file entry_16.csv (CSV, C-alpha atoms and all ligand atoms)
chain,number,residue,atom,x,y,z
A,1,MET,CA,235.5,-56.2,160.8
A,2,THR,CA,235.6,-55.0,164.4
A,3,THR,CA,233.5,-52.0,165.6
A,4,LYS,CA,234.8,-49.6,168.2
A,5,ARG,CA,232.6,-49.6,171.3
A,6,LYS,CA,232.9,-48.1,174.8
A,7,LEU,CA,233.9,-50.8,177.3
A,8,THR,CA,232.0,-50.8,180.6
A,9,PRO,CA,234.1,-50.3,183.8
A,10,TYR,CA,233.7,-54.1,184.4
A,11,GLU,CA,235.1,-54.9,181.0
A,12,GLN,CA,238.0,-52.5,181.4
A,13,ASN,CA,239.0,-54.0,184.7
A,14,HIS,CA,238.6,-57.5,183.3
A,15,LEU,CA,241.0,-56.7,180.4
A,16,ARG,CA,243.4,-54.9,182.7
A,17,LYS,CA,243.6,-58.0,184.9
A,18,TRP,CA,243.8,-60.8,182.3
A,19,ALA,CA,245.0,-59.2,179.1
A,20,PRO,CA,246.7,-55.9,179.8
A,21,LYS,CA,248.4,-55.9,176.4
A,22,ILE,CA,245.2,-56.2,174.4
A,23,ASP,CA,244.1,-53.2,172.4
A,24,SER,CA,240.6,-52.6,173.8
A,25,ASP,CA,239.6,-50.7,170.7
A,26,ALA,CA,240.1,-53.8,168.6
A,27,ILE,CA,237.9,-56.3,170.4
A,28,GLY,CA,234.6,-55.3,168.8
A,29,ASP,CA,231.4,-57.0,170.1
A,30,GLN,CA,233.2,-60.1,171.3
A,31,PRO,CA,232.6,-60.5,175.1
A,32,VAL,CA,235.8,-59.8,177.0
A,33,GLU,CA,235.6,-63.2,178.7
A,34,TYR,CA,236.1,-64.9,175.3
A,35,THR,CA,239.0,-62.6,174.6
A,36,THR,CA,240.8,-63.5,177.9
A,37,GLY,CA,239.3,-67.0,178.4
A,38,HIS,CA,238.5,-66.3,182.1
A,39,VAL,CA,235.4,-65.5,184.1
A,40,GLU,CA,234.8,-65.2,187.8
A,41,PHE,CA,231.9,-67.2,189.3
A,42,LEU,CA,231.3,-67.2,193.1
A,43,GLY,CA,234.8,-65.8,193.5
A,44,LEU,CA,236.4,-68.7,191.5
A,45,ASP,CA,238.3,-68.3,188.3
A,46,PHE,CA,236.6,-70.4,185.6
A,47,LEU,CA,238.0,-70.9,182.0
A,48,VAL,CA,235.6,-70.3,179.2
A,49,THR,CA,235.8,-70.8,175.4
A,50,PRO,CA,233.3,-70.0,172.6
A,51,ASP,CA,231.9,-73.6,173.2
A,52,THR,CA,230.7,-72.6,176.7
A,53,LEU,CA,228.2,-70.0,177.9
A,54,ILE,CA,229.7,-67.3,179.9
A,55,PRO,CA,228.4,-67.9,183.4
A,56,ARG,CA,226.0,-65.2,184.6
A,57,LEU,CA,225.9,-63.5,188.0
A,58,GLU,CA,222.3,-64.5,188.6
A,59,SER,CA,223.1,-68.2,188.3
A,60,GLU,CA,225.3,-68.0,191.4
A,61,GLN,CA,222.0,-68.1,193.4
A,62,MET,CA,221.5,-71.8,192.3
A,63,VAL,CA,224.7,-72.8,194.2
A,64,THR,CA,223.8,-70.7,197.3
A,65,ASP,CA,220.3,-72.3,197.4
A,66,ALA,CA,221.7,-75.8,196.9
A,67,LEU,CA,224.1,-75.2,199.8
A,68,GLN,CA,221.3,-73.9,202.0
A,69,PHE,CA,219.2,-77.0,201.1
A,70,ILE,CA,222.1,-79.3,202.1
A,71,ASP,CA,222.5,-77.5,205.4
A,72,ASP,CA,218.8,-77.4,206.2
A,73,HIS,CA,218.5,-81.2,205.6
A,74,ASP,CA,221.8,-82.1,207.2
A,75,LEU,CA,222.8,-84.1,204.1
A,76,ALA,CA,226.0,-86.0,205.0
A,77,HIS,CA,226.9,-87.1,201.5
A,78,PRO,CA,224.6,-85.3,198.9
A,79,THR,CA,224.3,-86.7,195.4
A,80,ILE,CA,223.9,-83.9,192.9
A,81,ALA,CA,223.4,-83.5,189.1
A,82,ASP,CA,224.3,-80.4,187.1
A,83,ILE,CA,222.6,-80.9,183.8
A,84,GLY,CA,223.8,-78.7,180.9
A,85,THR,CA,227.0,-77.9,182.9
A,86,GLY,CA,228.8,-75.8,180.2
A,87,SER,CA,231.9,-74.5,181.9
A,88,GLY,CA,231.0,-76.6,185.0
A,89,CYS,CA,230.4,-73.4,187.0
A,90,LEU,CA,227.4,-74.7,189.0
A,91,GLY,CA,228.6,-78.2,189.9
A,92,ILE,CA,232.2,-77.3,190.4
A,93,SER,CA,231.7,-74.3,192.6
A,94,LEU,CA,229.3,-76.4,194.7
A,95,ALA,CA,232.0,-79.1,195.0
A,96,VAL,CA,234.6,-76.4,196.0
A,97,LYS,CA,232.2,-75.1,198.7
A,98,LEU,CA,231.4,-78.6,200.0
A,99,ALA,CA,235.1,-79.6,200.0
A,100,LYS,CA,235.9,-76.5,202.2
A,101,ARG,CA,233.2,-77.7,204.7
A,102,GLN,CA,234.6,-81.3,204.5
A,103,ILE,CA,231.2,-82.6,203.3
A,104,PRO,CA,231.7,-85.5,201.0
A,105,TYR,CA,229.6,-85.4,197.7
A,106,SER,CA,229.0,-87.2,194.4
A,107,ILE,CA,228.4,-84.8,191.6
A,108,PHE,CA,227.4,-85.7,188.0
A,109,LEU,CA,228.1,-83.0,185.4
A,110,SER,CA,226.5,-83.5,182.0
A,111,ASP,CA,226.2,-81.7,178.7
A,112,ILE,CA,225.2,-82.6,175.2
A,113,SER,CA,228.3,-80.8,174.0
A,114,LEU,CA,231.5,-82.8,174.3
A,115,LYS,CA,233.6,-79.6,173.7
A,116,ALA,CA,231.9,-77.9,176.7
A,117,LEU,CA,232.4,-81.0,178.9
A,118,LYS,CA,236.2,-80.9,178.2
A,119,VAL,CA,236.3,-77.3,179.4
A,120,ALA,CA,234.3,-78.3,182.6
A,121,ASP,CA,236.8,-81.2,183.2
A,122,LEU,CA,239.7,-78.7,182.9
A,123,ASN,CA,238.0,-76.4,185.3
A,124,ALA,CA,237.5,-79.2,187.8
A,125,GLN,CA,241.2,-80.1,187.6
A,126,ARG,CA,242.2,-76.5,188.2
A,127,LEU,CA,239.8,-75.7,191.0
A,128,LEU,CA,239.6,-78.9,193.1
A,129,HIS,CA,242.5,-80.7,194.8
A,130,SER,CA,240.8,-84.1,194.3
A,131,PRO,CA,238.1,-84.1,191.6
A,132,GLU,CA,237.5,-87.8,191.9
A,133,ASN,CA,233.9,-87.6,193.1
A,134,LEU,CA,232.9,-85.7,190.0
A,135,PHE,CA,231.5,-87.7,187.1
A,136,PHE,CA,231.4,-86.2,183.6
A,137,LEU,CA,228.7,-87.5,181.2
A,138,GLU,CA,228.0,-86.6,177.6
A,139,SER,CA,224.2,-86.9,177.6
A,140,ASN,CA,221.1,-85.5,176.1
A,141,LEU,CA,219.4,-84.4,179.3
A,142,LEU,CA,219.3,-87.5,181.6
A,143,GLU,CA,219.5,-90.1,178.7
A,144,ASN,CA,222.9,-91.6,179.6
A,145,PHE,CA,222.6,-91.2,183.4
A,146,PRO,CA,222.8,-94.3,185.6
A,147,LYS,CA,219.7,-95.1,187.5
A,148,ILE,CA,220.4,-92.8,190.5
A,149,GLN,CA,218.0,-90.7,192.5
A,150,PHE,CA,219.6,-87.4,193.4
A,151,ASP,CA,219.2,-85.1,196.4
A,152,LEU,CA,219.7,-82.1,194.2
A,153,ILE,CA,219.3,-81.5,190.5
A,154,LEU,CA,220.6,-78.2,189.1
A,155,ALA,CA,219.9,-77.3,185.5
A,156,ASN,CA,220.5,-74.1,183.6
A,157,LEU,CA,219.3,-75.4,180.2
A,158,PRO,CA,218.7,-73.2,177.1
A,159,TYR,CA,215.5,-71.3,177.7
A,160,ILE,CA,215.3,-68.3,175.3
A,161,PRO,CA,212.3,-68.6,173.0
A,162,SER,CA,213.7,-69.1,169.4
A,163,LYS,CA,212.0,-66.0,168.1
A,164,ASN,CA,213.8,-63.8,170.7
A,165,ILE,CA,217.3,-64.9,169.8
A,166,ALA,CA,217.6,-62.4,166.9
A,167,GLY,CA,216.8,-59.5,169.3
A,168,LEU,CA,219.6,-60.4,171.7
A,169,ASP,CA,222.7,-58.2,172.1
A,170,PRO,CA,225.3,-58.9,169.4
A,171,SER,CA,227.8,-59.9,172.1
A,172,VAL,CA,225.4,-62.8,173.0
A,173,LYS,CA,223.8,-63.8,169.7
A,174,ASP,CA,226.9,-63.6,167.6
A,175,PHE,CA,229.4,-65.2,170.1
A,176,GLU,CA,227.8,-67.5,172.6
A,177,PRO,CA,226.8,-71.0,171.5
A,178,LYS,CA,223.3,-71.2,170.1
A,179,ILE,CA,223.0,-74.7,171.7
A,180,ALA,CA,223.3,-72.9,175.0
A,181,LEU,CA,220.6,-70.3,174.3
A,182,ASP,CA,217.8,-71.6,172.1
A,183,GLY,CA,215.1,-73.2,174.2
A,184,GLY,CA,212.7,-73.9,171.2
A,185,PRO,CA,209.6,-72.1,170.1
A,186,LYS,CA,208.4,-71.2,173.6
A,187,GLY,CA,211.7,-71.5,175.4
A,188,ASN,CA,210.4,-74.4,177.5
A,189,LEU,CA,211.4,-77.4,175.3
A,190,PHE,CA,214.3,-78.7,177.3
A,191,ILE,CA,212.9,-77.7,180.7
A,192,ASN,CA,209.6,-79.6,180.0
A,193,ALA,CA,211.6,-82.6,178.8
A,194,LEU,CA,213.6,-82.6,182.0
A,195,LEU,CA,210.6,-82.1,184.2
A,196,ASP,CA,209.0,-85.2,182.7
A,197,LYS,CA,212.0,-87.3,183.9
A,198,ILE,CA,212.4,-85.7,187.3
A,199,PRO,CA,210.0,-88.1,189.2
A,200,HIS,CA,212.5,-90.9,188.2
A,201,PHE,CA,215.7,-89.1,189.1
A,202,LEU,CA,214.9,-86.9,192.1
A,203,LYS,CA,214.7,-88.4,195.6
A,204,LYS,CA,211.5,-87.9,197.6
A,205,GLY,CA,212.3,-84.8,199.7
A,206,GLY,CA,215.0,-83.7,197.2
A,207,LEU,CA,215.1,-80.4,195.3
A,208,ALA,CA,215.5,-79.5,191.6
A,209,ILE,CA,216.5,-75.9,190.8
A,210,LEU,CA,215.9,-75.0,187.1
A,211,GLU,CA,216.9,-71.6,185.7
A,212,ILE,CA,214.2,-70.1,183.5
A,213,ASP,CA,213.5,-67.1,181.3
A,214,ASP,CA,212.1,-64.1,183.2
A,215,THR,CA,209.1,-64.0,180.8
A,216,HIS,CA,208.0,-67.5,182.0
A,217,ASP,CA,205.6,-68.3,184.8
A,218,LEU,CA,204.3,-71.6,186.2
A,219,LYS,CA,201.8,-71.8,183.3
A,220,SER,CA,204.7,-72.0,180.8
A,221,PHE,CA,205.6,-75.5,181.9
A,222,SER,CA,204.1,-79.0,181.9
A,223,PHE,CA,204.4,-80.7,185.3
A,224,PRO,CA,204.1,-84.4,185.6
A,225,LYS,CA,201.9,-85.8,188.4
A,226,GLY,CA,203.3,-85.6,191.9
A,227,ILE,CA,205.5,-82.5,191.3
A,228,SER,CA,205.2,-79.3,193.2
A,229,ALA,CA,206.9,-76.1,191.9
A,230,ARG,CA,207.3,-72.5,192.7
A,231,ILE,CA,209.3,-69.7,191.1
A,232,THR,CA,211.9,-67.6,193.0
A,233,ASN,CA,213.6,-64.3,192.0
A,234,ASP,CA,217.2,-63.7,191.1
A,235,CYS,CA,219.5,-61.0,192.4
A,236,PHE,CA,218.0,-58.5,190.0
A,237,HIS,CA,214.5,-59.2,191.4
A,238,LYS,CA,213.4,-61.0,188.2
A,239,PRO,CA,211.6,-64.4,188.3
A,240,ARG,CA,214.4,-66.8,187.5
A,241,PHE,CA,214.3,-70.2,189.2
A,242,LEU,CA,211.8,-73.0,189.2
A,243,MET,CA,212.1,-74.8,192.5
A,244,VAL,CA,210.8,-78.3,192.1
A,245,THR,CA,210.0,-81.0,194.7
A,246,LEU,CA,208.2,-84.3,194.7
A,301,LIG,C1,222.5,-71.9,179.4
A,301,LIG,S1,224.0,-72.9,179.2
A,301,LIG,C2,224.4,-73.1,180.9
A,301,LIG,C3,225.8,-73.5,181.1
A,301,LIG,C4,226.2,-73.5,182.6
A,301,LIG,N1,225.5,-74.5,183.4
A,301,LIG,C5,226.0,-72.1,183.2
A,301,LIG,O1,225.1,-72.0,184.1
A,301,LIG,O2,226.7,-71.2,182.9
A,301,LIG,C6,223.1,-74.4,178.7
A,301,LIG,C7,224.0,-75.7,178.5
A,301,LIG,O3,223.1,-76.8,178.2
A,301,LIG,C8,223.7,-77.6,177.2
A,301,LIG,N2,222.7,-78.3,176.5
A,301,LIG,C9,221.9,-77.9,175.5
A,301,LIG,N3,221.0,-78.8,175.2
A,301,LIG,C10,221.2,-79.9,176.0
A,301,LIG,C11,220.6,-81.1,176.2
A,301,LIG,N4,219.6,-81.5,175.4
A,301,LIG,N5,221.1,-82.0,177.1
A,301,LIG,C12,222.1,-81.6,177.9
A,301,LIG,N6,222.7,-80.4,177.8
A,301,LIG,C13,222.3,-79.5,176.9
A,301,LIG,C14,224.5,-76.6,176.3
A,301,LIG,O4,225.5,-77.2,175.6
A,301,LIG,C15,225.0,-75.6,177.4
A,301,LIG,O5,226.3,-75.9,177.8
call {"tool": "encode", "arguments": {"input": "entry_16.csv", "output": "structure tokens"}}
result
Amino acid sequence: MTTKRKLTPYEQNHLRKWAPKIDSDAIGDQPVEYTTGHVEFLGLDFLVTPDTLIPRLESEQMVTDALQFIDDHDLAHPTIADIGTGSGCLGISLAVKLAKRQIPYSIFLSDISLKALKVADLNAQRLLHSPENLFFLESNLLENFPKIQFDLILANLPYIPSKNIAGLDPSVKDFEPKIALDGGPKGNLFINALLDKIPHFLKKGGLAILEIDDTHDLKSFSFPKGISARITNDCFHKPRFLMVTL
């Protein structure tokens, strides 16, 4: 059964643009992005399905910070990993921005969900003229990765503590994939598992940017020896990104 709810101005505009014939009273709690199959991320039109998280505005900062890092370090051909790529929004928008600046790159996009990876692949074909330097990998974290050391690792892995899932807005908990949300009992399960592998996969002088829950602080994570980390805020002034170097 669908419930009638008042759409926000953003949702009304979104439906007007992508699905003007849809009866907005009939969409219930389903996010409008799943109704239309589209979402804008960094000014690019990404396809989404119920197998992919709907990219969030705050995650755009990861791409901006990655570009800044590439500029600051004059990287002529950065190697980049986007782990838990979902729709591919992070890795693909970074590729689009680098291509515009004629900076060559190699970007690995991975996810444990094959269905999400297929959406990411489709997005790459739509948004890039020559997506040949993108490599898609079905992988639990870094398990199936070749032995590469990356300049940049981006990861927006599930980070919501399991007990908080039931309290999320119905548009999130009833529609977005649980595999994209649930970060285990404390929300740090996947991030800690990734941190453990970072010394093998990040170049000395490289940077890993990991999105985190705003209830987390540095004490929420286990850092292997040799890692330095700090937390930066998102566009809503909430602690959101773990910036990790070796
Ligand atoms: C929060 S979503 C982020 C999606 C996208 N990167 C974004 O920023 O919108 C997390 C993604 O991680 C994937 N994922 C969950 N567990 C994983 C694991 N163990 N290894 C790799 N990917 C995983 C999910 O399938 C999902 O696509």
call {"tool": "residues_near_ligand", "arguments": {"input": "entry_16.csv", "ligand": "ligand LIG 301 (chain A)", "cutoff": "8 Å", "atoms": "only C-alpha atoms and all ligand atoms", "output": "PyMOL selection string"}}
result
chain A and resi 51-56+59+82-90+110-113+116+138-142+155-159+177+179-181+190
call {"tool": "closest_residue", "arguments": {"input": "entry_16.csv", "among": "A:Lys238, A:Leu189, A:Pro20, A:Gly206", "to": "Ser220 of chain A", "atoms": "all atoms listed in the file"}}
result
A:Leu189
call {"tool": "residues_around", "arguments": {"input": "entry_16.csv", "residues": "segment 163-167 of chain A", "least_positions_apart": "2", "cutoff": "9 Å", "atoms": "all atoms listed in the file", "output": "PyMOL selection string"}}
result
chain A and resi 160-161+169-170+172-173+178+181-182+184-186
call {"tool": "atom_distance", "arguments": {"input": "entry_16.csv", "atom1": "atom CA of Ile107 of chain A", "atom2": "atom CA of Leu152 of chain A"}}
result
9.5 Å
call {"tool": "closest_residue", "arguments": {"input": "entry_16.csv", "among": "A:Phe223, A:Ile212, A:Asp217, A:Ile153", "to": "Arg240 of chain A", "atoms": "all atoms listed in the file"}}
result
A:Ile212
call {"tool": "closest_residue", "arguments": {"input": "entry_16.csv", "among": "A:Ile22, A:Leu194, A:Ala208, A:Leu218", "to": "Leu246 of chain A", "atoms": "only C-alpha atoms"}}
result
A:Ala208
call {"tool": "atom_distance", "arguments": {"input": "entry_16.csv", "atom1": "atom CA of Asp23 of chain A", "atom2": "atom CA of Tyr10 of chain A"}}
result
15.9 Å
call {"tool": "residues_around", "arguments": {"input": "entry_16.csv", "residues": "segment 74-78 of chain A", "least_positions_apart": "3", "cutoff": "9 Å", "atoms": "all atoms listed in the file", "output": "VMD selection string"}}
result
chain A and resid 69 to 71 103 to 107 150 to 152
